file final.cif (mmCIF, C-alpha atoms)
data_coords
#
loop_
_atom_site.label_atom_id
_atom_site.label_comp_id
_atom_site.auth_asym_id
_atom_site.auth_seq_id
_atom_site.Cartn_x
_atom_site.Cartn_y
_atom_site.Cartn_z
CA MET G 1 -80.30 8.70 -84.46
CA LYS G 2 -81.80 6.66 -81.66
CA ILE G 3 -83.60 7.61 -78.47
CA GLY G 4 -83.07 4.52 -76.39
CA ASN G 5 -84.02 1.74 -78.76
CA VAL G 6 -86.30 3.94 -80.91
CA ALA G 7 -84.91 4.90 -84.31
CA ILE G 8 -85.55 8.50 -85.36
CA GLU G 9 -85.25 8.98 -89.13
CA GLY G 10 -84.50 12.68 -89.38
CA ARG G 11 -83.28 15.70 -87.44
CA ALA G 12 -86.45 17.83 -87.06
CA VAL G 13 -89.12 16.94 -84.49
CA LEU G 14 -92.43 18.52 -83.56
CA ALA G 15 -92.60 20.18 -80.14
CA PRO G 16 -95.50 19.24 -77.90
CA MET G 17 -97.88 22.21 -77.64
CA ALA G 18 -101.01 22.25 -75.50
CA GLY G 19 -104.15 22.81 -77.54
CA VAL G 20 -102.28 22.35 -80.82
CA THR G 21 -100.41 19.09 -81.25
CA ASP G 22 -103.44 16.83 -81.38
CA ARG G 23 -103.65 13.71 -83.52
CA ALA G 24 -104.70 15.55 -86.70
CA PHE G 25 -101.83 18.02 -86.50
CA ARG G 26 -99.25 15.41 -85.55
CA GLU G 27 -100.22 13.18 -88.47
CA LEU G 28 -100.00 16.17 -90.83
CA CYS G 29 -96.53 17.14 -89.63
CA VAL G 30 -95.30 13.56 -89.98
CA ARG G 31 -96.63 13.53 -93.54
CA PHE G 32 -94.48 16.57 -94.25
CA GLY G 33 -91.38 15.06 -92.70
CA ALA G 34 -91.42 15.48 -88.92
CA ALA G 35 -89.16 12.71 -87.63
CA TYR G 36 -90.84 12.39 -84.25
CA VAL G 37 -93.92 13.87 -82.55
CA VAL G 38 -95.16 14.18 -78.98
CA SER G 39 -98.71 14.49 -77.64
CA GLU G 40 -100.13 17.47 -75.85
CA MET G 41 -99.19 17.34 -72.20
CA VAL G 42 -101.30 15.07 -70.02
CA SER G 43 -101.84 15.55 -66.30
CA SER G 44 -100.58 12.64 -64.23
CA LYS G 45 -103.24 13.38 -61.63
CA GLY G 46 -105.92 13.62 -64.29
CA LEU G 47 -104.92 10.17 -65.52
CA GLU G 48 -105.98 8.68 -62.22
CA TYR G 49 -109.56 9.58 -63.12
CA GLN G 50 -109.19 8.34 -66.72
CA ASN G 51 -111.73 10.73 -68.17
CA ARG G 52 -112.49 10.76 -71.87
CA LYS G 53 -110.65 14.01 -72.57
CA THR G 54 -107.44 12.66 -71.07
CA ASN G 55 -107.74 9.44 -73.05
CA ASP G 56 -108.32 11.42 -76.25
CA LEU G 57 -105.11 13.35 -75.65
CA MET G 58 -103.14 10.09 -75.59
CA ALA G 59 -104.66 8.36 -78.62
CA LEU G 60 -101.91 7.61 -81.13
CA SER G 61 -102.20 6.30 -84.68
CA ASP G 62 -99.84 4.34 -86.90
CA LYS G 63 -99.63 7.37 -89.21
CA GLU G 64 -97.65 9.39 -86.68
CA ARG G 65 -95.02 7.05 -85.31
CA PRO G 66 -92.60 7.19 -83.69
CA ALA G 67 -94.65 9.16 -81.21
CA GLY G 68 -94.41 9.97 -77.54
CA ILE G 69 -96.88 10.82 -74.81
CA GLN G 70 -95.94 13.75 -72.60
CA LEU G 71 -96.88 13.71 -68.91
CA PHE G 72 -96.67 16.44 -66.30
CA GLY G 73 -96.82 16.26 -62.52
CA ASP G 74 -94.74 16.76 -59.40
CA ASP G 75 -94.99 13.43 -57.59
CA PRO G 76 -92.69 10.57 -58.65
CA GLN G 77 -95.10 7.74 -57.86
CA THR G 78 -98.11 9.47 -59.40
CA MET G 79 -96.01 10.08 -62.52
CA ALA G 80 -94.94 6.43 -62.56
CA ARG G 81 -98.54 5.23 -62.36
CA ALA G 82 -99.52 7.69 -65.08
CA ALA G 83 -96.76 6.36 -67.32
CA GLU G 84 -97.99 2.81 -66.76
CA THR G 85 -101.51 3.89 -67.71
CA ALA G 86 -100.23 5.73 -70.78
CA MET G 87 -98.67 2.50 -72.03
CA GLN G 88 -102.19 1.32 -72.93
CA PHE G 89 -101.90 3.66 -75.91
CA GLN G 90 -98.60 2.10 -77.00
CA PRO G 91 -96.38 5.20 -77.11
CA ASN G 92 -92.87 4.69 -78.41
CA ILE G 93 -91.56 7.10 -75.78
CA ILE G 94 -92.73 8.67 -72.53
CA ASP G 95 -91.77 12.35 -72.26
CA ILE G 96 -91.74 14.26 -68.98
CA ASN G 97 -92.64 17.96 -69.04
CA MET G 98 -90.22 20.03 -66.96
CA GLY G 99 -90.44 23.12 -69.14
CA CYS G 100 -94.04 24.36 -69.39
CA PRO G 101 -94.08 28.05 -68.35
CA ALA G 102 -97.87 28.39 -68.08
CA PRO G 103 -98.89 29.74 -64.64
CA LYS G 104 -101.72 27.19 -64.25
CA VAL G 105 -99.11 24.44 -64.51
CA SER G 106 -96.09 25.95 -62.78
CA LYS G 107 -98.02 27.38 -59.80
CA ASN G 108 -98.82 23.80 -58.83
CA GLY G 109 -95.16 22.84 -58.80
CA CYS G 110 -95.28 21.18 -62.22
CA GLY G 111 -93.73 22.02 -65.58
CA CYS G 112 -90.80 24.41 -65.33
CA ALA G 113 -91.32 24.79 -61.58
CA LEU G 114 -89.72 21.35 -61.20
CA MET G 115 -86.40 22.89 -62.19
CA LYS G 116 -86.37 24.68 -58.84
CA ASN G 117 -85.84 21.24 -57.32
CA PRO G 118 -83.27 19.30 -59.42
CA GLU G 119 -83.26 16.37 -56.99
CA LEU G 120 -87.02 15.94 -57.47
CA CYS G 121 -86.50 16.01 -61.24
CA GLY G 122 -84.16 13.06 -60.87
CA ARG G 123 -86.56 11.11 -58.67
CA ILE G 124 -89.39 11.59 -61.15
CA VAL G 125 -87.26 10.35 -64.04
CA GLU G 126 -86.08 7.36 -62.02
CA ALA G 127 -89.63 6.40 -61.02
CA VAL G 128 -91.01 6.71 -64.55
CA LYS G 129 -88.04 4.86 -66.02
CA LYS G 130 -88.67 1.91 -63.71
CA ALA G 131 -92.37 1.88 -64.56
CA VAL G 132 -92.27 1.58 -68.35
CA PRO G 133 -90.46 -0.54 -70.96
CA VAL G 134 -89.97 2.34 -73.43
CA PRO G 135 -87.42 5.16 -73.48
CA VAL G 136 -88.04 8.14 -71.19
CA THR G 137 -87.17 11.70 -72.18
CA VAL G 138 -87.47 15.09 -70.49
CA LYS G 139 -88.11 18.59 -71.79
CA ILE G 140 -86.56 21.39 -69.77
CA ARG G 141 -85.87 25.11 -70.08
CA LYS G 142 -82.79 27.20 -69.49
CA GLY G 143 -83.95 27.64 -65.92
CA TRP G 144 -86.67 29.27 -63.86
CA ASP G 145 -85.31 32.81 -64.18
CA ALA G 146 -82.08 34.69 -64.84
CA ARG G 147 -80.92 34.04 -61.26
CA SER G 148 -81.38 30.28 -61.50
CA VAL G 149 -80.04 29.12 -64.84
CA ASN G 150 -79.55 25.43 -64.09
CA ALA G 151 -80.34 23.53 -67.29
CA VAL G 152 -76.95 21.81 -67.23
CA GLU G 153 -77.39 20.64 -63.64
CA VAL G 154 -80.93 19.38 -64.24
CA ALA G 155 -79.93 17.67 -67.49
CA LYS G 156 -77.05 15.83 -65.81
CA ILE G 157 -79.29 14.69 -62.96
CA CYS G 158 -82.01 13.51 -65.34
CA ALA G 159 -79.53 11.68 -67.56
CA GLY G 160 -78.01 10.08 -64.49
CA ALA G 161 -81.48 8.96 -63.39
CA GLY G 162 -82.04 7.20 -66.71
CA ALA G 163 -83.39 9.78 -69.16
CA ASP G 164 -82.74 8.65 -72.72
CA ALA G 165 -82.76 12.15 -74.24
CA ILE G 166 -83.04 15.77 -73.13
CA ALA G 167 -84.89 18.53 -75.00
CA VAL G 168 -83.76 22.03 -74.03
CA HIS G 169 -85.67 25.26 -74.67
CA GLY G 170 -83.19 28.12 -74.61
CA ARG G 171 -85.29 30.48 -72.49
CA THR G 172 -86.12 30.69 -68.79
CA ARG G 173 -89.67 30.38 -67.52
CA GLU G 174 -89.54 34.10 -66.73
CA GLN G 175 -88.81 34.87 -70.40
CA MET G 176 -91.66 32.70 -71.68
CA TYR G 177 -91.15 33.00 -75.47
CA GLN G 178 -89.23 36.30 -75.71
CA PRO G 179 -86.52 37.49 -76.34
CA SER G 180 -84.30 35.37 -78.58
CA ALA G 181 -83.51 31.88 -77.35
CA ASP G 182 -80.09 31.27 -75.83
CA TRP G 183 -78.42 28.59 -77.94
CA ASP G 184 -75.31 28.65 -75.73
CA ILE G 185 -77.20 26.83 -72.97
CA ILE G 186 -78.21 24.13 -75.43
CA ARG G 187 -74.57 23.70 -76.39
CA GLU G 188 -73.55 23.51 -72.74
CA VAL G 189 -76.12 20.79 -72.06
CA LYS G 190 -74.95 18.85 -75.11
CA GLN G 191 -71.38 18.97 -73.85
CA ALA G 192 -72.44 17.88 -70.35
CA VAL G 193 -74.45 14.72 -71.09
CA SER G 194 -73.93 11.64 -73.22
CA VAL G 195 -77.58 11.13 -74.22
CA PRO G 196 -79.10 12.80 -77.31
CA VAL G 197 -79.96 16.47 -76.89
CA ILE G 198 -82.79 18.17 -78.79
CA GLY G 199 -82.49 21.92 -79.24
CA ASN G 200 -85.60 24.07 -79.02
CA GLY G 201 -86.12 27.79 -79.53
CA ASP G 202 -86.17 30.05 -82.60
CA VAL G 203 -86.01 27.25 -85.16
CA ASP G 204 -88.26 29.06 -87.60
CA SER G 205 -86.68 28.10 -90.93
CA ALA G 206 -84.50 25.49 -92.59
CA GLU G 207 -81.50 27.79 -92.29
CA ALA G 208 -82.13 28.31 -88.58
CA ALA G 209 -82.32 24.55 -88.04
CA ALA G 210 -78.96 24.06 -89.74
CA LYS G 211 -77.41 26.90 -87.73
CA MET G 212 -78.64 25.47 -84.43
CA LEU G 213 -77.32 22.01 -85.24
CA ALA G 214 -73.94 23.42 -86.22
CA TYR G 215 -73.65 25.92 -83.35
CA THR G 216 -74.84 23.77 -80.47
CA GLY G 217 -73.86 20.29 -81.65
CA CYS G 218 -77.31 19.09 -80.66
CA ASP G 219 -78.60 15.90 -82.23
CA MET G 220 -82.01 17.16 -83.34
CA VAL G 221 -83.99 20.38 -83.50
CA MET G 222 -87.48 20.82 -82.11
CA VAL G 223 -89.92 23.02 -84.03
CA GLY G 224 -92.82 24.58 -82.15
CA ARG G 225 -94.60 27.81 -83.08
CA ALA G 226 -92.96 27.94 -86.51
CA ALA G 227 -94.96 24.85 -87.51
CA LEU G 228 -98.33 26.51 -86.82
CA GLY G 229 -100.10 26.77 -90.15
CA ASN G 230 -96.80 25.71 -91.68
CA PRO G 231 -96.23 21.92 -91.61
CA TRP G 232 -94.04 22.42 -94.70
CA ILE G 233 -91.21 23.57 -92.43
CA PHE G 234 -90.24 19.95 -91.78
CA GLN G 235 -90.03 19.23 -95.50
CA GLN G 236 -87.90 22.35 -95.93
CA ILE G 237 -85.54 21.44 -93.08
CA ASN G 238 -85.07 17.91 -94.39
CA ALA G 239 -84.29 19.18 -97.89
CA TYR G 240 -81.83 21.76 -96.59
CA LEU G 241 -80.03 19.20 -94.43
CA SER G 242 -79.83 16.70 -97.28
CA PRO G 243 -76.54 16.20 -99.21
CA GLU G 244 -78.02 18.30 -102.01
CA CYS G 245 -78.75 21.15 -99.56
CA ARG G 246 -81.95 22.13 -101.36
CA LEU G 247 -83.82 25.27 -100.35
CA LEU G 248 -87.52 24.63 -100.94
CA PRO G 249 -89.84 27.60 -101.53
CA GLN G 250 -92.88 28.36 -99.44
CA PRO G 251 -96.04 26.71 -100.78
CA GLY G 252 -98.44 28.73 -102.88
CA ILE G 253 -101.90 29.77 -101.71
CA TYR G 254 -103.63 26.89 -103.50
CA GLU G 255 -101.50 24.25 -101.79
CA ARG G 256 -101.89 26.02 -98.44
CA MET G 257 -105.65 26.03 -98.71
CA ASP G 258 -105.76 22.40 -99.86
CA VAL G 259 -103.71 21.29 -96.86
CA LEU G 260 -105.81 23.47 -94.55
CA LEU G 261 -109.00 21.76 -95.72
CA LYS G 262 -107.54 18.29 -95.27
CA HIS G 263 -106.15 19.21 -91.85
CA ILE G 264 -109.50 20.49 -90.56
CA LYS G 265 -111.37 17.57 -92.12
CA ALA G 266 -109.22 15.21 -90.08
CA LEU G 267 -109.71 17.39 -87.01
CA CYS G 268 -113.49 17.15 -87.37
CA THR G 269 -113.28 13.39 -87.92
CA TYR G 270 -111.29 12.83 -84.75
CA LYS G 271 -113.09 15.33 -82.49
CA ASP G 272 -116.58 15.67 -84.08
CA GLU G 273 -117.50 18.68 -86.21
CA PRO G 274 -118.60 21.21 -83.54
CA HIS G 275 -115.49 20.62 -81.45
CA GLY G 276 -113.25 20.38 -84.49
CA MET G 277 -114.48 23.66 -85.95
CA ARG G 278 -113.93 25.52 -82.70
CA GLU G 279 -110.35 24.26 -82.78
CA ALA G 280 -110.11 25.11 -86.50
CA ARG G 281 -110.56 28.84 -85.98
CA LYS G 282 -107.03 29.40 -84.67
CA HIS G 283 -105.50 27.07 -87.26
CA VAL G 284 -107.12 29.00 -90.11
CA GLY G 285 -105.59 32.19 -88.75
CA TRP G 286 -102.15 30.58 -88.76
CA TYR G 287 -102.53 29.28 -92.33
CA LEU G 288 -103.45 32.80 -93.45
CA HIS G 289 -100.30 34.34 -91.98
CA GLY G 290 -98.67 36.71 -94.46
CA LEU G 291 -101.56 36.61 -96.92
CA ARG G 292 -102.68 39.98 -98.28
CA GLY G 293 -106.11 40.84 -96.93
CA ALA G 294 -105.78 38.17 -94.25
CA ALA G 295 -107.35 40.33 -91.53
CA GLN G 296 -110.87 40.21 -92.97
CA PHE G 297 -110.66 36.47 -93.58
CA ARG G 298 -109.27 35.91 -90.10
CA ARG G 299 -112.27 37.71 -88.64
CA ARG G 300 -114.56 35.35 -90.56
CA ALA G 301 -112.51 32.40 -89.34
CA GLY G 302 -113.38 33.38 -85.80
CA THR G 303 -117.05 32.62 -86.47
CA LEU G 304 -116.70 29.26 -88.22
CA GLU G 305 -119.30 26.73 -87.08
CA THR G 306 -119.32 24.00 -89.74
CA TYR G 307 -116.87 22.47 -92.18
CA GLU G 308 -118.99 23.86 -95.01
CA ASP G 309 -118.38 27.33 -93.58
CA LEU G 310 -114.67 26.69 -93.99
CA VAL G 311 -115.12 25.47 -97.57
CA LEU G 312 -116.94 28.72 -98.41
CA LEU G 313 -114.25 30.78 -96.70
CA VAL G 314 -111.50 29.05 -98.65
CA ARG G 315 -113.45 29.61 -101.86
CA ASP G 316 -113.60 33.34 -101.15
CA ILE G 317 -109.91 33.45 -100.25
CA LEU G 318 -108.95 31.80 -103.53
CA THR G 319 -111.32 34.04 -105.49
CA ALA G 320 -109.76 37.12 -103.95
CA GLN G 321 -106.31 35.75 -104.74
CA MET G 322 -107.29 35.08 -108.38
CA GLN G 323 -108.68 38.60 -108.77
CA GLU G 324 -105.50 40.07 -107.35
CA GLU G 325 -103.35 38.03 -109.76
CA GLN G 326 -105.45 39.24 -112.71
CA SER G 327 -105.38 42.90 -111.71
#
call {"tool": "encode", "arguments": {"input": "final.cif", "output": "structure tokens"}}
result
Amino acid sequence: MKIGNVAIEGRAVLAPMAGVTDRAFRELCVRFGAAYVVSEMVSSKGLEYQNRKTNDLMALSDKERPAGIQLFGDDPQTMARAAETAMQFQPNIIDINMGCPAPKVSKNGCGCALMKNPELCGRIVEAVKKAVPVPVTVKIRKGWDARSVNAVEVAKICAGAGADAIAVHGRTREQMYQPSADWDIIREVKQAVSVPVIGNGDVDSAEAAAKMLAYTGCDMVMVGRAALGNPWIFQQINAYLSPECRLLPQPGIYERMDVLLKHIKALCTYKDEPHGMREARKHVGWYLHGLRGAAQFRRRAGTLETYEDLVLLVRDILTAQMQEEQS
């Protein structure tokens, strides 16, 4: 599979998620088989000020490639300048956010609000495409609400303006992340455009990934919330889609805790320990999902201050697990 001239070795990619898909998490997911990753979304207007936080969001490493930088904004020329600036970080792809449902983004005419104006979507893609030498992709939703389902129209306009791939989340902005994603709209977009289409929504297992690929005909699947505390999902999808069609089991508690520690260690290295540990609190909660007695450990996770605090927490988790196995 190729997006423009960028080879993608696999069918499962990591969805960009604000506050989650930082460098440490992206590198981890690639290690477990994610074929492609995208940064947290970066404000095109914020890039004009080039503050440290914005630059940190765009920092890419060789351990996570191919990787894209996602930009959001509502002005074609501002987006084009932002894309030019982003090229300093050598992304393989520039991705344009036309699907974020968050009120703080959409109320300013950005994210999914762009889908209310398909012509503007096309002008943004055209401007960014002219500004950078790498492929340009867009991420859209089914539409703004049930009365304006226009993913096919927007996808065709974006592809016509030069987009090299389209990612489609099968829900409207009004639906946010509930109820079930509409895979029919992904199939309709795939049938309407000639560029690669990435399906997004309810890919929470290897079997679901295979079903989406078969049902919609999309070229790749995008995994978002199902990867939280669960980078193994990419390994599982790859194994299931292999000729051997292997179904890998969920990792045991010892492997989960080992990966958690390495993940947070990298997070603290990249962001400094105080910042990294604040970010770690939510990740620990995700890694503990489904674990018996997780509630008490999750409460402790909410007070983590240092990496050593995490080491002690993991020790207690494993001790509790060992006692349970022996009882």
call {"tool": "closest_residue", "arguments": {"input": "final.cif", "among": "G:Ala163, G:Ala155, G:Leu313, G:Cys110", "to": "Glu126 in chain G", "atoms": "all atoms listed in the file"}}
result
G:Ala163
call {"tool": "residues_near_point", "arguments": {"input": "final.cif", "point": "(-76.2, 24.9, -67.2)", "cutoff": "9 Å", "atoms": "only C-alpha atoms", "output": "ChimeraX atom specification"}}
result
/G:142-143,149-155,185-186,188-189,192
call {"tool": "resolve_selection", "arguments": {"input": "final.cif", "expression": "the PyMOL selection byres ((chain G and resi 232) around 10)", "output": "list in words"}}
result
Leu28, Cys29, Arg31, Phe32, Gly33, Ala34, Ala226, Ala227, Leu228, Gly229, Asn230, Pro231, Ile233, Phe234, Gln235, Gln236, Ile237, Leu248, Pro249, Gln250, Pro251, Arg256 and Val259 of chain G
call {"tool": "residues_around", "arguments": {"input": "final.cif", "residues": "range 61-78 of chain G", "least_positions_apart": "2", "cutoff": "8 Å", "atoms": "only C-alpha atoms", "output": "VMD selection string"}}
result
chain G and resid 6 8 16 23 26 to 27 30 35 to 45 58 to 59 80 to 83 86 91 to 98 109 to 111 114 120 123 to 125 127 to 128
call {"tool": "residues_around", "arguments": {"input": "final.cif", "residues": "range 171-178 of chain G", "least_positions_apart": "4", "cutoff": "10 Å", "atoms": "all atoms listed in the file", "output": "ChimeraX atom specification"}}
result
/G:99-103,106,111-113,115,140-151,182-183,185-186,200-202,225
call {"tool": "residues_around", "arguments": {"input": "final.cif", "residues": "range 298-301 of chain G", "least_positions_apart": "2", "cutoff": "8 Å", "atoms": "all atoms listed in the file", "output": "list in words"}}
result
Arg281, Lys282, Val284, Gly285, Leu288, Ala294, Ala295, Gln296, Thr303, Leu304, Leu310 and Leu313 of chain G
call {"tool": "build_atoms", "arguments": {"input": "final.cif", "residues": "range 20-45 of chain G", "atoms": "N, CA and C atoms", "output": "PDB file, keeping the file's coordinate frame"}}
result
ATOM      1  N   VAL G  20    -102.698  22.298 -79.414  1.00  0.00           N
ATOM      2  CA  VAL G  20    -102.280  22.350 -80.820  1.00  0.00           C
ATOM      3  C   VAL G  20    -101.879  20.985 -81.366  1.00  0.00           C
ATOM      4  N   THR G  21    -100.980  20.319 -80.686  1.00  0.00           N
ATOM      5  CA  THR G  21    -100.410  19.090 -81.250  1.00  0.00           C
ATOM      6  C   THR G  21    -101.298  17.875 -80.971  1.00  0.00           C
ATOM      7  N   ASP G  22    -102.525  17.969 -81.481  1.00  0.00           N
ATOM      8  CA  ASP G  22    -103.440  16.830 -81.380  1.00  0.00           C
ATOM      9  C   ASP G  22    -103.132  15.846 -82.504  1.00  0.00           C
ATOM     10  N   ARG G  23    -103.912  14.773 -82.560  1.00  0.00           N
ATOM     11  CA  ARG G  23    -103.650  13.710 -83.520  1.00  0.00           C
ATOM     12  C   ARG G  23    -103.651  14.218 -84.963  1.00  0.00           C
ATOM     13  N   ALA G  24    -104.612  15.054 -85.324  1.00  0.00           N
ATOM     14  CA  ALA G  24    -104.700  15.550 -86.700  1.00  0.00           C
ATOM     15  C   ALA G  24    -103.452  16.342 -87.081  1.00  0.00           C
ATOM     16  N   PHE G  25    -102.992  17.197 -86.193  1.00  0.00           N
ATOM     17  CA  PHE G  25    -101.830  18.020 -86.500  1.00  0.00           C
ATOM     18  C   PHE G  25    -100.550  17.191 -86.501  1.00  0.00           C
ATOM     19  N   ARG G  26    -100.444  16.262 -85.575  1.00  0.00           N
ATOM     20  CA  ARG G  26     -99.250  15.410 -85.550  1.00  0.00           C
ATOM     21  C   ARG G  26     -99.134  14.590 -86.825  1.00  0.00           C
ATOM     22  N   GLU G  27    -100.242  13.983 -87.245  1.00  0.00           N
ATOM     23  CA  GLU G  27    -100.220  13.180 -88.470  1.00  0.00           C
ATOM     24  C   GLU G  27     -99.816  14.043 -89.667  1.00  0.00           C
ATOM     25  N   LEU G  28    -100.315  15.271 -89.722  1.00  0.00           N
ATOM     26  CA  LEU G  28    -100.000  16.170 -90.830  1.00  0.00           C
ATOM     27  C   LEU G  28     -98.507  16.492 -90.849  1.00  0.00           C
ATOM     28  N   CYS G  29     -97.948  16.793 -89.687  1.00  0.00           N
ATOM     29  CA  CYS G  29     -96.530  17.140 -89.630  1.00  0.00           C
ATOM     30  C   CYS G  29     -95.645  15.953 -90.001  1.00  0.00           C
ATOM     31  N   VAL G  30     -96.050  14.756 -89.589  1.00  0.00           N
ATOM     32  CA  VAL G  30     -95.300  13.560 -89.980  1.00  0.00           C
ATOM     33  C   VAL G  30     -95.343  13.391 -91.493  1.00  0.00           C
ATOM     34  N   ARG G  31     -96.500  13.652 -92.082  1.00  0.00           N
ATOM     35  CA  ARG G  31     -96.630  13.530 -93.540  1.00  0.00           C
ATOM     36  C   ARG G  31     -95.670  14.473 -94.253  1.00  0.00           C
ATOM     37  N   PHE G  32     -95.395  15.613 -93.632  1.00  0.00           N
ATOM     38  CA  PHE G  32     -94.480  16.570 -94.250  1.00  0.00           C
ATOM     39  C   PHE G  32     -93.043  16.422 -93.748  1.00  0.00           C
ATOM     40  N   GLY G  33     -92.771  15.355 -93.020  1.00  0.00           N
ATOM     41  CA  GLY G  33     -91.380  15.060 -92.700  1.00  0.00           C
ATOM     42  C   GLY G  33     -90.933  15.174 -91.272  1.00  0.00           C
ATOM     43  N   ALA G  34     -91.832  15.467 -90.324  1.00  0.00           N
ATOM     44  CA  ALA G  34     -91.420  15.480 -88.920  1.00  0.00           C
ATOM     45  C   ALA G  34     -90.934  14.081 -88.533  1.00  0.00           C
ATOM     46  N   ALA G  35     -89.763  14.010 -87.930  1.00  0.00           N
ATOM     47  CA  ALA G  35     -89.160  12.710 -87.630  1.00  0.00           C
ATOM     48  C   ALA G  35     -89.734  12.066 -86.372  1.00  0.00           C
ATOM     49  N   TYR G  36     -90.340  12.883 -85.539  1.00  0.00           N
ATOM     50  CA  TYR G  36     -90.840  12.390 -84.250  1.00  0.00           C
ATOM     51  C   TYR G  36     -91.827  13.425 -83.725  1.00  0.00           C
ATOM     52  N   VAL G  37     -92.906  12.968 -83.099  1.00  0.00           N
ATOM     53  CA  VAL G  37     -93.920  13.870 -82.550  1.00  0.00           C
ATOM     54  C   VAL G  37     -94.262  13.465 -81.121  1.00  0.00           C
ATOM     55  N   VAL G  38     -94.792  14.418 -80.377  1.00  0.00           N
ATOM     56  CA  VAL G  38     -95.160  14.180 -78.980  1.00  0.00           C
ATOM     57  C   VAL G  38     -96.559  14.749 -78.746  1.00  0.00           C
ATOM     58  N   SER G  39     -97.339  14.063 -77.939  1.00  0.00           N
ATOM     59  CA  SER G  39     -98.710  14.490 -77.640  1.00  0.00           C
ATOM     60  C   SER G  39     -98.737  15.805 -76.878  1.00  0.00           C
ATOM     61  N   GLU G  40     -99.918  16.374 -76.789  1.00  0.00           N
ATOM     62  CA  GLU G  40    -100.130  17.470 -75.850  1.00  0.00           C
ATOM     63  C   GLU G  40     -99.858  16.929 -74.450  1.00  0.00           C
ATOM     64  N   MET G  41     -99.518  17.826 -73.532  1.00  0.00           N
ATOM     65  CA  MET G  41     -99.190  17.340 -72.200  1.00  0.00           C
ATOM     66  C   MET G  41    -100.438  16.822 -71.474  1.00  0.00           C
ATOM     67  N   VAL G  42    -100.222  15.751 -70.732  1.00  0.00           N
ATOM     68  CA  VAL G  42    -101.300  15.070 -70.020  1.00  0.00           C
ATOM     69  C   VAL G  42    -101.008  15.102 -68.528  1.00  0.00           C
ATOM     70  N   SER G  43    -101.996  15.477 -67.757  1.00  0.00           N
ATOM     71  CA  SER G  43    -101.840  15.550 -66.300  1.00  0.00           C
ATOM     72  C   SER G  43    -101.747  14.165 -65.690  1.00  0.00           C
ATOM     73  N   SER G  44    -100.716  13.943 -64.898  1.00  0.00           N
ATOM     74  CA  SER G  44    -100.580  12.640 -64.230  1.00  0.00           C
ATOM     75  C   SER G  44    -101.700  12.430 -63.222  1.00  0.00           C
ATOM     76  N   LYS G  45    -102.127  13.507 -62.571  1.00  0.00           N
ATOM     77  CA  LYS G  45    -103.240  13.380 -61.630  1.00  0.00           C
ATOM     78  C   LYS G  45    -104.547  13.142 -62.368  1.00  0.00           C
TER      79      LYS G  45
END
